[in-house]
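Text of data_8.txt, listed as compact mmCIF, C-alpha atoms:
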# COMPACT_ATOMS: atom_id res chain seq x y z
CA PRO A 1 63.44 -60.42 -37.63
CA ALA A 2 65.60 -57.43 -38.49
CA THR A 3 69.03 -56.99 -36.90
CA TYR A 4 71.38 -54.07 -36.29
CA HIS A 5 75.07 -53.88 -35.38
CA GLY A 6 76.93 -50.60 -35.05
CA THR A 7 80.01 -49.16 -33.37
CA LYS A 8 81.07 -45.63 -32.51
CA THR A 9 84.22 -44.09 -31.07
CA LEU A 10 83.78 -40.91 -29.03
CA THR A 11 86.35 -38.56 -27.52
CA PRO A 12 85.29 -37.48 -24.02
CA LYS A 13 86.32 -34.32 -22.21
CA PRO A 14 88.04 -34.85 -18.84
CA GLY A 15 85.65 -34.59 -15.92
CA GLY A 16 82.61 -34.75 -18.18
CA THR A 17 79.49 -36.91 -18.15
CA LEU A 18 78.37 -39.85 -20.27
CA ASN A 19 74.59 -40.32 -20.57
CA VAL A 20 73.25 -43.55 -22.07
CA GLU A 21 69.54 -44.03 -22.84
CA GLY A 22 68.22 -47.40 -23.98
CA SER A 23 64.77 -48.86 -24.52
CA PHE A 24 64.78 -52.68 -24.24
CA HIS A 25 68.56 -52.89 -24.06
CA ASP A 26 70.90 -54.47 -21.57
CA ILE A 27 73.60 -51.90 -20.82
CA SER A 28 77.11 -52.95 -19.87
CA VAL A 29 80.06 -50.67 -19.10
CA VAL A 30 83.68 -51.68 -18.60
CA LEU A 31 86.20 -49.14 -17.30
CA ALA A 32 89.60 -49.55 -18.97
CA PRO A 33 92.73 -47.48 -19.69
CA GLY A 34 92.49 -45.27 -22.76
CA THR A 35 91.32 -41.90 -24.04
CA SER A 36 88.17 -42.80 -25.99
CA VAL A 37 84.68 -44.14 -25.36
CA GLU A 38 83.93 -47.21 -27.48
CA VAL A 39 80.22 -47.96 -28.02
CA THR A 40 78.77 -51.11 -29.59
CA VAL A 41 75.03 -51.46 -30.16
CA ASP A 42 73.32 -54.70 -31.21
CA MET A 43 69.57 -55.11 -31.70
CA LYS A 44 67.04 -57.62 -32.98
CA ILE A 45 63.38 -56.80 -33.63
CA SER A 46 60.47 -58.87 -34.92
CA SER A 47 57.10 -57.26 -35.63
CA TRP A 48 53.86 -58.40 -37.19
CA PRO A 49 52.03 -57.24 -39.23
CA GLY A 50 54.32 -54.18 -39.24
CA ASP A 51 57.66 -54.05 -41.04
CA SER A 52 60.54 -55.19 -38.80
CA LYS A 53 63.11 -53.10 -40.67
CA GLU A 54 61.05 -49.95 -40.19
CA ALA A 55 60.57 -50.75 -36.52
CA LEU A 56 64.30 -51.27 -36.08
CA LYS A 57 65.16 -48.06 -37.89
CA ALA A 58 63.27 -46.08 -35.26
CA TYR A 59 65.71 -47.35 -32.61
CA GLU A 60 68.98 -46.76 -34.43
CA PRO A 61 71.34 -45.02 -31.98
CA THR A 62 72.14 -41.32 -32.10
CA TYR A 63 75.18 -39.58 -30.64
CA SER A 64 75.38 -35.98 -29.50
CA GLU A 65 77.55 -33.71 -27.40
CA GLU A 66 76.63 -30.64 -25.40
CA GLY A 67 79.31 -28.94 -23.35
CA ASN A 68 81.23 -31.72 -21.61
CA THR A 69 78.29 -34.16 -21.76
CA ILE A 70 78.08 -37.00 -24.30
CA LEU A 71 74.66 -38.57 -25.01
CA VAL A 72 74.20 -42.04 -26.49
CA ARG A 73 70.52 -42.63 -27.24
CA SER A 74 68.72 -45.67 -28.65
CA ARG A 75 65.04 -44.95 -28.19
CA SER A 76 62.11 -44.89 -30.57
CA LYS A 77 61.94 -41.72 -32.63
CA ALA A 78 58.24 -42.29 -33.42
CA GLY A 79 55.21 -43.97 -31.94
CA LEU A 80 54.81 -47.63 -32.84
CA SER A 81 51.52 -49.42 -33.49
CA MET A 82 52.29 -52.63 -35.32
CA GLY A 83 50.66 -55.43 -33.36
CA THR A 84 53.04 -58.10 -32.13
CA PHE A 85 56.45 -56.66 -31.29
CA ASN A 86 59.45 -58.56 -29.90
CA SER A 87 62.80 -56.94 -29.30
CA SER A 88 66.17 -57.47 -27.66
CA GLY A 89 69.39 -55.52 -27.65
CA THR A 90 72.63 -54.59 -25.94
CA ILE A 91 74.61 -51.39 -25.52
CA ALA A 92 78.19 -52.26 -24.62
CA ILE A 93 80.60 -49.51 -23.62
CA ARG A 94 84.33 -49.47 -22.94
CA MET A 95 85.53 -46.18 -21.45
CA PRO A 96 88.27 -44.57 -19.35
CA ALA A 97 87.82 -43.39 -15.77
CA GLY A 98 87.19 -39.76 -14.89
CA MET A 99 83.61 -39.27 -16.14
CA ASN A 100 80.28 -39.25 -14.34
CA LEU A 101 78.05 -42.00 -15.71
CA ASN A 102 74.24 -41.95 -16.13
CA LEU A 103 72.59 -45.12 -17.47
CA HIS A 104 68.88 -45.49 -18.25
CA THR A 105 66.97 -48.30 -19.95
CA GLY A 106 63.27 -49.10 -20.13
CA SER A 107 63.71 -52.84 -19.75
CA GLY A 108 67.05 -54.60 -19.38
CA ASP A 109 69.96 -55.33 -17.08
CA VAL A 110 72.61 -52.78 -16.16
CA GLU A 111 76.19 -53.79 -15.34
CA VAL A 112 79.23 -51.65 -14.56
CA LYS A 113 82.73 -52.98 -13.88
CA GLY A 114 85.85 -51.00 -12.99
CA ASP A 115 87.14 -47.86 -11.29
CA LEU A 116 85.21 -44.67 -12.09
CA GLY A 117 88.01 -42.57 -10.63
CA GLY A 118 85.89 -41.12 -7.84
CA LYS A 119 83.12 -40.04 -10.22
CA ASP A 120 79.41 -40.75 -9.67
CA LEU A 121 77.20 -43.48 -11.12
CA ALA A 122 73.43 -43.16 -11.55
CA CYS A 123 71.49 -45.99 -13.19
CA ASP A 124 67.88 -47.06 -13.51
CA THR A 125 65.89 -49.70 -15.36
CA GLY A 126 62.18 -50.31 -15.52
CA SER A 127 62.68 -54.06 -15.24
CA GLY A 128 66.06 -55.74 -14.85
CA ASP A 129 68.97 -56.39 -12.52
CA VAL A 130 71.68 -53.89 -11.61
CA LYS A 131 75.22 -55.07 -10.90
CA VAL A 132 78.15 -52.84 -9.93
CA GLU A 133 81.75 -53.91 -9.27
CA GLY A 134 84.61 -51.48 -8.68
CA SER A 135 84.89 -48.04 -7.09
CA LEU A 136 83.06 -44.74 -7.42
CA GLY A 137 82.15 -41.54 -5.60
CA ALA A 138 78.38 -41.78 -5.16
CA LEU A 139 75.96 -44.48 -6.31
CA SER A 140 72.29 -44.16 -7.22
CA ALA A 141 70.63 -47.35 -8.49
CA GLU A 142 66.96 -48.04 -9.13
CA THR A 143 64.96 -50.83 -10.75
CA GLY A 144 61.24 -51.37 -10.94
CA SER A 145 61.67 -55.13 -10.70
CA GLY A 146 65.03 -56.83 -10.22
CA ASP A 147 67.95 -57.35 -7.88
CA VAL A 148 70.63 -54.76 -7.13
CA ALA A 149 74.11 -56.01 -6.24
CA ALA A 150 77.06 -53.69 -5.59
CA LYS A 151 80.53 -54.84 -4.59
CA LEU A 152 82.87 -51.89 -4.17
CA SER A 153 86.65 -52.05 -3.93
CA ALA A 154 86.70 -48.77 -1.93
CA PRO A 155 84.06 -47.05 0.25
CA ALA A 156 81.64 -44.71 -1.50
CA ILE A 157 80.66 -41.24 -0.29
CA LYS A 158 77.01 -42.27 -0.39
CA ALA A 159 74.78 -44.95 -1.89
CA LYS A 160 71.04 -44.85 -2.58
CA ILE A 161 69.40 -48.04 -3.86
CA HIS A 162 65.76 -48.89 -4.58
CA THR A 163 63.99 -51.86 -6.12
CA GLY A 164 60.26 -52.34 -6.41
CA SER A 165 60.64 -56.10 -6.19
CA GLY A 166 64.02 -57.71 -5.59
CA ASP A 167 66.96 -58.10 -3.23
CA VAL A 168 69.61 -55.51 -2.38
CA SER A 169 73.16 -56.69 -1.74
CA PHE A 170 75.87 -54.13 -0.93
CA ALA A 171 79.49 -54.60 0.12
CA GLY A 172 82.55 -52.39 0.22
CA GLY A 173 81.41 -49.56 2.45
CA SER A 174 79.63 -46.23 2.26
CA ALA A 175 79.67 -43.12 4.47
CA GLN A 176 75.92 -42.72 3.91
CA PHE A 177 73.52 -45.49 2.91
CA ASP A 178 69.86 -45.58 1.90
CA ALA A 179 68.16 -48.75 0.63
CA SER A 180 64.56 -49.79 0.06
CA THR A 181 62.71 -52.70 -1.49
CA GLY A 182 59.01 -53.33 -1.91
CA SER A 183 59.49 -57.08 -1.75
CA GLY A 184 62.91 -58.54 -1.00
CA SER A 185 65.78 -58.54 1.46
CA ILE A 186 68.52 -55.99 2.15
CA ARG A 187 72.09 -56.99 3.00
CA ALA A 188 74.78 -54.35 3.54
CA GLU A 189 78.25 -54.48 5.07
CA GLY A 190 81.25 -52.22 5.60
CA LEU A 191 79.09 -49.16 6.34
CA THR A 192 80.72 -46.20 8.10
CA GLY A 193 77.88 -43.74 8.67
CA PRO A 194 74.13 -43.17 8.94
CA GLY A 195 71.76 -45.58 7.22
CA THR A 196 68.11 -45.91 6.29
CA PHE A 197 66.56 -49.27 5.41
CA GLU A 198 63.01 -50.14 4.33
CA ALA A 199 61.67 -53.54 3.26
CA GLY A 200 57.99 -54.12 2.55
CA SER A 201 58.50 -57.87 2.78
CA GLY A 202 61.94 -59.29 3.56
CA ASP A 203 64.88 -59.31 5.94
CA ILE A 204 67.26 -56.46 6.75
CA GLU A 205 70.84 -57.11 7.79
CA ALA A 206 73.48 -54.37 8.06
CA ARG A 207 77.02 -54.33 9.43
CA TRP A 208 79.19 -51.33 10.19
CA ALA A 209 82.97 -51.03 10.16
CA GLN A 210 82.44 -47.97 12.36
CA LEU A 211 79.63 -45.65 13.34
CA GLY A 212 80.41 -42.17 14.59
CA GLN A 213 78.79 -40.55 17.59
CA GLY A 214 75.44 -39.00 16.73
CA ALA A 215 74.96 -41.00 13.53
CA SER A 216 71.41 -42.30 13.08
CA VAL A 217 70.14 -45.63 11.79
CA LYS A 218 66.53 -46.33 10.82
CA ALA A 219 65.17 -49.70 9.75
CA GLU A 220 61.54 -50.42 8.87
Could you render the structure as structure tokens?
Amino acid sequence: PATYHGTKTLTPKPGGTLNVEGSFHDISVVLAPGTSVEVTVDMKISSWPGDSKEALKAYEPTYSEEGNTILVRSRSKAGLSMGTFNSSGTIAIRMPAGMNLNLHTGSGDVEVKGDLGGKDLACDTGSGDVKVEGSLGALSAETGSGDVAAKLSAPAIKAKIHTGSGDVSFAGGSAQFDASTGSGSIRAEGLTGPGTFEAGSGDIEARWAQLGQGASVKAE
């Protein structure tokens, strides 16, 4: 196998956006005091009969900035056809609050911990779990196959969650809530507004702290 370890320090602009794109990586983000974004990427690739070092080189991360948006990208720069191919990797980020956060990975878990300072979080993975702890403005989370668990320390403006196969667990409150699962259960509590729930196969349980007059709830 070939391995890669790299770090990068980025200087974000206040109120900007951080986009992270992975391939087979687990992505983890920790919100912490400071003025810089610290990125650590680790990867391990084995290929046969192709060259593992060449395969790994195609995934070496790139960093770019456009306007107030920072992009961290670790995706293949060329098509791969080398027979057996095994890979694993992590993208670990430590960053300050005050930026919108977009996280995307083809196959891996996504985890975010801390206070986003009222900014929005959007994350998706083709196959993996999503875990969120802290506070944010709006949440959008999607996984093709995996569980989604969000535990907020303050109510969100809105939350939209989807998993093709897995459970949804949400706590901490949201003024607007939308959750769906192809196969799994939905549990939500602390809601304060309209909600939509859809489970192809599983239970639905929702609790409201309050529900204003005229607010609608739909469960299927």
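Closest approach to A:Leu152 among A:Gly182, A:Pro194, A:Pro61, A:Gly173 is made by A:Gly173 (distances from only C-alpha atoms).
Residue neighbourhood of A:Ala32, excluding near-sequence residues (fewer than 5 positions): Arg94, Met95, Pro96, Ala97 and Gly114 of chain A, at 8 Å, using all atoms listed in the file.
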Problem set entry | Exercise: A:Ser87 partners within 7 Å, only C-alpha atoms, chain neighbours under 6 positions left out, as a ChimeraX atom specification | /A:24,44-46
For this session: Show which residues sit within 8 Å of A:Ala175, as a PyMOL selection string. Count all atoms listed in the file, and ignore same-chain residues fewer than 6 positions away.
Result: chain A and resi 155-158+191-194
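Each of A:Ala141, A:Leu18, A:Val217, A:Val132 was checked against A:Thr181 using all atoms listed in the file; the smallest atom-to-atom distance is that of A:Ala141.
Note that the spacing between atom CA of A:Gly166 and atom CA of A:Asp178 amounts to 15.4 Å.
Using all atoms listed in the file, the protein and nucleic acid residues lying no more than 9 Å from stretch 122-125 of chain A, apart from those fewer than 4 places from it along its own chain, are Asn100, Leu101, Asn102, Leu103, His104, Thr105, Gly106, Ser107, Gly108, Asp109, Val110, Asp129, Val130, Ala138, Leu139, Ser140, Ala141, Glu142, Thr143, Gly144, Ser145 and Gly146 of chain A.
Note that atom CA of A:Lys57 and atom CA of A:Arg75 are 10.2 Å apart.
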Exercise. So how many Å separate atom CA of A:Leu31 and atom CA of A:Glu189, to one decimal?
Worked result: 24.3 Å
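Nearest residue to A:Gly134 among A:Ser76, A:Pro49, A:Ala219, A:Val29 is A:Val29, counting only C-alpha atoms.
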Exercise. Hey, which of A:Gly195, A:Gly22, A:Gly16, A:Gly172 ends up closest to A:Thr62? Count all atoms listed in the file.
Worked result: A:Gly22
Taking all atoms of stretch 15-23 of chain A that the file lists, what box with edges along x, y and z, padded by 8 Å per side, do you get, with centre and edge lengths in Å to one decimal, as JSON?
{"center_x": 75.2, "center_y": -41.7, "center_z": -20.2, "size_x": 36.9, "size_y": 30.3, "size_z": 24.6}
Problem set entry | Within 7 Å of A:Tyr4 using all atoms listed in the file, minus same-chain residues under 2 positions, as a PyMOL selection string | chain A and resi 6+42-44
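Residue nearest A:Ile161, chosen from A:Met99, A:Ala2, A:Leu116, A:Ala199 and counting all atoms listed in the file: A:Ala199.
You can rank A:Leu71, A:Ala171, A:Val148, A:Ile186 by their closest distance to A:Ser201 using all atoms listed in the file, and at the top of that list sits A:Ile186.
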